[in-house]
file model_17.txt (compact mmCIF, C-alpha atoms)
# COMPACT_ATOMS: atom_id res chain seq x y z
CA MET A 753 92.79 86.72 147.08
CA HIS A 754 89.91 87.59 144.75
CA ALA A 755 90.15 88.74 141.16
CA LYS A 756 90.98 92.42 140.80
CA GLN A 757 88.97 92.70 137.60
CA PRO A 758 85.24 92.22 138.04
CA PRO A 759 83.86 88.99 136.58
CA ARG A 760 82.13 89.07 133.21
CA ASN A 761 78.80 88.61 134.98
CA ARG A 762 78.30 91.39 137.51
CA LEU A 763 75.85 89.12 139.39
CA ALA A 764 78.52 86.42 139.84
CA LYS A 765 79.18 84.79 143.22
CA ILE A 766 82.49 83.75 144.71
CA LEU A 767 83.23 80.03 144.83
CA PRO A 768 83.97 78.94 148.42
CA GLU A 769 87.66 78.49 149.28
CA GLU A 770 87.43 74.70 149.78
CA TRP A 771 86.22 74.23 146.18
CA ARG A 772 88.83 76.61 144.76
CA LYS A 773 91.52 74.57 146.50
CA LEU A 774 90.03 71.35 145.09
CA LEU A 775 90.14 72.75 141.55
CA ILE A 776 93.78 73.77 142.01
CA ALA A 777 94.59 70.28 143.32
CA ARG A 778 93.05 68.84 140.15
CA GLY A 779 95.37 70.91 137.94
CA VAL A 780 93.37 74.08 137.30
CA PRO A 781 95.64 77.18 137.24
CA LYS A 782 95.37 79.59 140.17
CA ARG A 783 94.58 82.51 137.86
CA LYS A 784 93.37 83.18 134.33
CA TYR A 785 91.13 80.16 133.83
CA THR A 786 87.58 79.20 133.00
CA ALA A 787 86.34 75.80 134.17
CA VAL A 788 83.19 73.83 133.45
CA VAL A 789 82.16 71.75 136.46
CA ARG A 790 79.30 69.53 137.53
CA ALA A 791 78.03 70.68 140.92
CA GLU A 792 75.77 68.88 143.35
CA LEU A 793 73.87 70.97 145.89
CA VAL A 794 72.20 70.29 149.21
CA GLY A 795 68.77 68.82 148.49
CA GLY A 796 69.91 66.85 145.44
CA ARG A 797 69.92 69.57 142.79
CA VAL A 798 72.58 69.01 140.13
CA ILE A 799 73.97 71.71 137.84
CA GLU A 800 75.63 69.95 134.90
CA ASP A 801 77.54 72.90 133.39
CA LEU A 802 78.47 75.38 136.10
CA ILE A 803 80.96 77.92 134.74
CA VAL A 804 83.70 79.05 137.15
CA GLU A 805 86.05 81.83 136.09
CA GLU A 806 89.02 82.78 138.26
CA GLY A 807 87.23 81.68 141.44
CA TRP A 808 83.84 83.19 140.55
CA ILE A 809 80.67 81.31 139.62
CA ILE A 810 79.61 83.26 136.55
CA ALA A 811 77.02 81.08 134.78
CA LEU A 812 74.77 78.04 135.09
CA GLY A 813 75.29 76.82 131.52
CA ARG A 814 77.77 76.78 128.64
CA GLU A 815 76.25 79.94 127.15
CA GLY A 816 78.33 81.75 129.80
CA LEU A 817 81.61 80.81 128.12
CA ALA A 818 81.63 83.88 125.85
CA GLY A 819 80.90 87.57 126.16
CA THR A 820 79.81 89.84 128.98
CA PHE A 821 76.33 89.22 130.35
CA GLU A 822 74.10 89.25 133.41
CA GLN A 823 72.74 86.00 134.83
CA ARG A 824 71.44 85.56 138.34
CA ILE A 825 73.11 82.72 140.23
CA ASP A 826 70.04 81.28 141.96
CA PHE A 827 71.71 79.36 144.80
CA ASP A 828 74.06 79.97 147.70
CA PRO A 829 77.55 78.64 146.79
CA ARG A 830 77.87 77.31 150.36
CA GLN A 831 75.20 74.74 149.41
CA ILE A 832 77.61 72.92 147.08
CA THR A 833 78.30 69.39 148.35
CA ASP A 834 80.41 68.05 145.46
CA ILE A 835 82.19 69.31 142.37
CA GLN A 836 83.44 67.29 139.40
CA LEU A 837 85.77 69.00 136.93
CA LYS A 838 84.56 68.51 133.35
CA GLN A 839 86.71 70.92 131.31
CA VAL A 840 89.23 73.74 131.69
CA VAL A 841 89.17 76.38 128.99

call {"tool": "encode", "arguments": {"input": "model_17.txt", "output": "structure tokens"}}
result
Amino acid sequence: MHAKQPPRNRLAKILPEEWRKLLIARGVPKRKYTAVVRAELVGGRVIEDLIVEEGWIIALGREGLAGTFEQRIDFDPRQITDIQLKQVV
């Protein structure tokens, strides 16, 4: 179910199944994709450019679109209340 190769950010967190299914329903491929989404969290926090790669949250901004890096994902993915697809790379 999860990617066999580790994500480019070793501190990445898995996107909950319900949001992965939503992305697939919106036309995102099941594998080999990178998506930029707008995510709303419990408490009203909004992350404008959340980077999701093959079901993993790898970055909190567009700087995560290239290269291998380490960035702490500072929230629990289960706190996501809404996702809006902005771009699929």

call {"tool": "closest_residue", "arguments": {"input": "model_17.txt", "among": "A:Leu837, A:Ile776, A:Ile825, A:Ala787", "to": "Ala764 of chain A", "atoms": "all atoms listed in the file"}}
result
A:Ile825

call {"tool": "atom_distance", "arguments": {"input": "model_17.txt", "atom1": "atom CA of Ile799 of chain A", "atom2": "atom CA of Arg762 of chain A"}}
result
20.2 Å

call {"tool": "closest_residue", "arguments": {"input": "model_17.txt", "among": "A:Trp808, A:Ile803, A:Gln839, A:Gln823", "to": "Gly779 of chain A", "atoms": "only C-alpha atoms"}}
result
A:Gln839

call {"tool": "residues_around", "arguments": {"input": "model_17.txt", "residues": "Arg790 of chain A", "least_positions_apart": "6", "cutoff": "7 Å", "atoms": "only C-alpha atoms", "output": "list in words"}}
result
Ile799, Glu800, Asp801, Leu802, Ile835, Gln836, Leu837 and Lys838 of chain A

call {"tool": "write_last_selection", "arguments": {"input": "model_17.txt", "atoms": "C-alpha atoms", "output": "tab-separated table (two decimals), in the frame of the given file"}}
result
chain	number	residue	atom	x	y	z
A	799	ILE	CA	73.97	71.71	137.84
A	800	GLU	CA	75.63	69.95	134.90
A	801	ASP	CA	77.54	72.90	133.39
A	802	LEU	CA	78.47	75.38	136.10
A	835	ILE	CA	82.19	69.31	142.37
A	836	GLN	CA	83.44	67.29	139.40
A	837	LEU	CA	85.77	69.00	136.93
A	838	LYS	CA	84.56	68.51	133.35

call {"tool": "residues_around", "arguments": {"input": "model_17.txt", "residues": "Val798 of chain A", "least_positions_apart": "2", "cutoff": "12 Å", "atoms": "only C-alpha atoms", "output": "PyMOL selection string"}}
result
chain A and resi 789-796+800-802+812-813+827+831-836

call {"tool": "atom_distance", "arguments": {"input": "model_17.txt", "atom1": "atom CA of Arg797 of chain A", "atom2": "atom CA of Gly819 of chain A"}}
result
26.9 Å

call {"tool": "residues_around", "arguments": {"input": "model_17.txt", "residues": "Arg772 of chain A", "least_positions_apart": "5", "cutoff": "12 Å", "atoms": "all atoms listed in the file", "output": "number ranges by chain"}}
result
A: 753-754, 766-767, 777-783, 785, 787, 789, 804-809, 829, 835, 837

call {"tool": "closest_residue", "arguments": {"input": "model_17.txt", "among": "A:Arg814, A:Val840, A:Phe821, A:Asp828", "to": "Leu775 of chain A", "atoms": "all atoms listed in the file"}}
result
A:Val840

call {"tool": "closest_residue", "arguments": {"input": "model_17.txt", "among": "A:Thr786, A:Thr820, A:Glu815, A:Lys773", "to": "Arg760 of chain A", "atoms": "only C-alpha atoms"}}
result
A:Thr820

call {"tool": "atom_distance", "arguments": {"input": "model_17.txt", "atom1": "atom CA of Glu822 of chain A", "atom2": "atom CA of Leu774 of chain A"}}
result
26.7 Å

call {"tool": "axis_aligned_box", "arguments": {"input": "model_17.txt", "around": "segment 813-826 of chain A", "padding_each_side": "5 Å", "output": "JSON"}}
result
{"center_x": 75.8, "center_y": 83.3, "center_z": 133.9, "size_x": 21.6, "size_y": 23.1, "size_z": 26.1}

call {"tool": "decode", "arguments": {"input": "model_17.txt", "residues": "segment 753-835 of chain A", "atoms": "C-alpha atoms", "output": "compact mmCIF listing (two decimals), in the first residue's frame"}}
result
# COMPACT_ATOMS: atom_id res chain seq x y z
CA MET A 753 0.00 0.00 0.00
CA HIS A 754 2.80 2.44 0.83
CA ALA A 755 5.71 3.41 -1.38
CA LYS A 756 8.52 0.86 -1.40
CA GLN A 757 11.13 3.55 -1.92
CA PRO A 758 11.53 5.94 1.01
CA PRO A 759 10.26 9.47 0.36
CA ARG A 760 12.76 12.20 -0.50
CA ASN A 761 12.27 13.64 2.98
CA ARG A 762 13.08 11.01 5.59
CA LEU A 763 10.90 12.95 8.07
CA ALA A 764 7.85 12.69 5.80
CA LYS A 765 4.46 11.56 7.11
CA ILE A 766 1.89 9.37 5.40
CA LEU A 767 -1.23 11.09 4.09
CA PRO A 768 -4.35 9.48 5.60
CA GLU A 769 -6.20 7.03 3.34
CA GLU A 770 -9.33 9.19 2.98
CA TRP A 771 -7.28 12.04 1.46
CA ARG A 772 -5.33 9.71 -0.83
CA LYS A 773 -8.64 8.38 -2.16
CA LEU A 774 -9.89 11.95 -2.69
CA LEU A 775 -6.79 12.83 -4.72
CA ILE A 776 -7.25 9.72 -6.87
CA ALA A 777 -10.92 10.65 -7.41
CA ARG A 778 -9.76 14.07 -8.62
CA GLY A 779 -7.52 12.50 -11.28
CA VAL A 780 -4.17 12.16 -9.51
CA PRO A 781 -2.37 8.92 -10.53
CA LYS A 782 -2.15 6.16 -7.91
CA ARG A 783 1.64 6.06 -8.15
CA LYS A 784 4.54 8.18 -9.38
CA TYR A 785 3.12 11.64 -8.72
CA THR A 786 3.82 14.84 -6.86
CA ALA A 787 0.87 17.07 -5.96
CA VAL A 788 0.64 20.57 -4.54
CA VAL A 789 -2.43 20.94 -2.33
CA ARG A 790 -3.98 23.52 -0.04
CA ALA A 791 -4.72 21.90 3.32
CA GLU A 792 -6.90 23.17 6.13
CA LEU A 793 -6.25 21.82 9.62
CA VAL A 794 -8.25 21.59 12.83
CA GLY A 795 -8.03 24.96 14.55
CA GLY A 796 -8.08 26.98 11.32
CA ARG A 797 -4.46 26.67 10.23
CA VAL A 798 -4.06 26.69 6.44
CA ILE A 799 -1.04 25.36 4.57
CA GLU A 800 -1.13 26.86 1.07
CA ASP A 801 1.49 24.67 -0.64
CA LEU A 802 1.56 21.24 0.97
CA ILE A 803 3.63 18.84 -1.17
CA VAL A 804 2.35 15.25 -1.38
CA GLU A 805 4.46 12.66 -3.17
CA GLU A 806 3.12 9.15 -3.75
CA GLY A 807 0.92 9.32 -0.65
CA TRP A 808 3.52 10.97 1.61
CA ILE A 809 3.47 14.54 2.93
CA ILE A 810 7.04 15.57 2.18
CA ALA A 811 7.10 19.38 2.47
CA LEU A 812 5.19 22.44 3.64
CA GLY A 813 6.19 24.65 0.70
CA ARG A 814 7.17 24.58 -2.98
CA GLU A 815 10.87 24.38 -2.10
CA GLY A 816 10.16 20.67 -1.53
CA LEU A 817 9.52 20.04 -5.23
CA ALA A 818 13.18 19.32 -6.01
CA GLY A 819 16.04 17.40 -4.45
CA THR A 820 16.44 15.30 -1.33
CA PHE A 821 16.11 17.14 1.97
CA GLU A 822 14.96 16.97 5.57
CA GLN A 823 12.01 19.05 6.75
CA ARG A 824 9.98 18.36 9.85
CA ILE A 825 6.25 18.08 9.20
CA ASP A 826 4.97 19.98 12.24
CA PHE A 827 1.40 18.66 12.40
CA ASP A 828 -0.46 15.38 12.66
CA PRO A 829 -1.89 14.47 9.22
CA ARG A 830 -5.07 13.27 10.96
CA GLN A 831 -5.78 16.95 11.75
CA ILE A 832 -6.46 17.72 8.07
CA THR A 833 -10.10 18.77 7.59
CA ASP A 834 -10.02 19.73 3.89
CA ILE A 835 -7.74 19.42 0.88
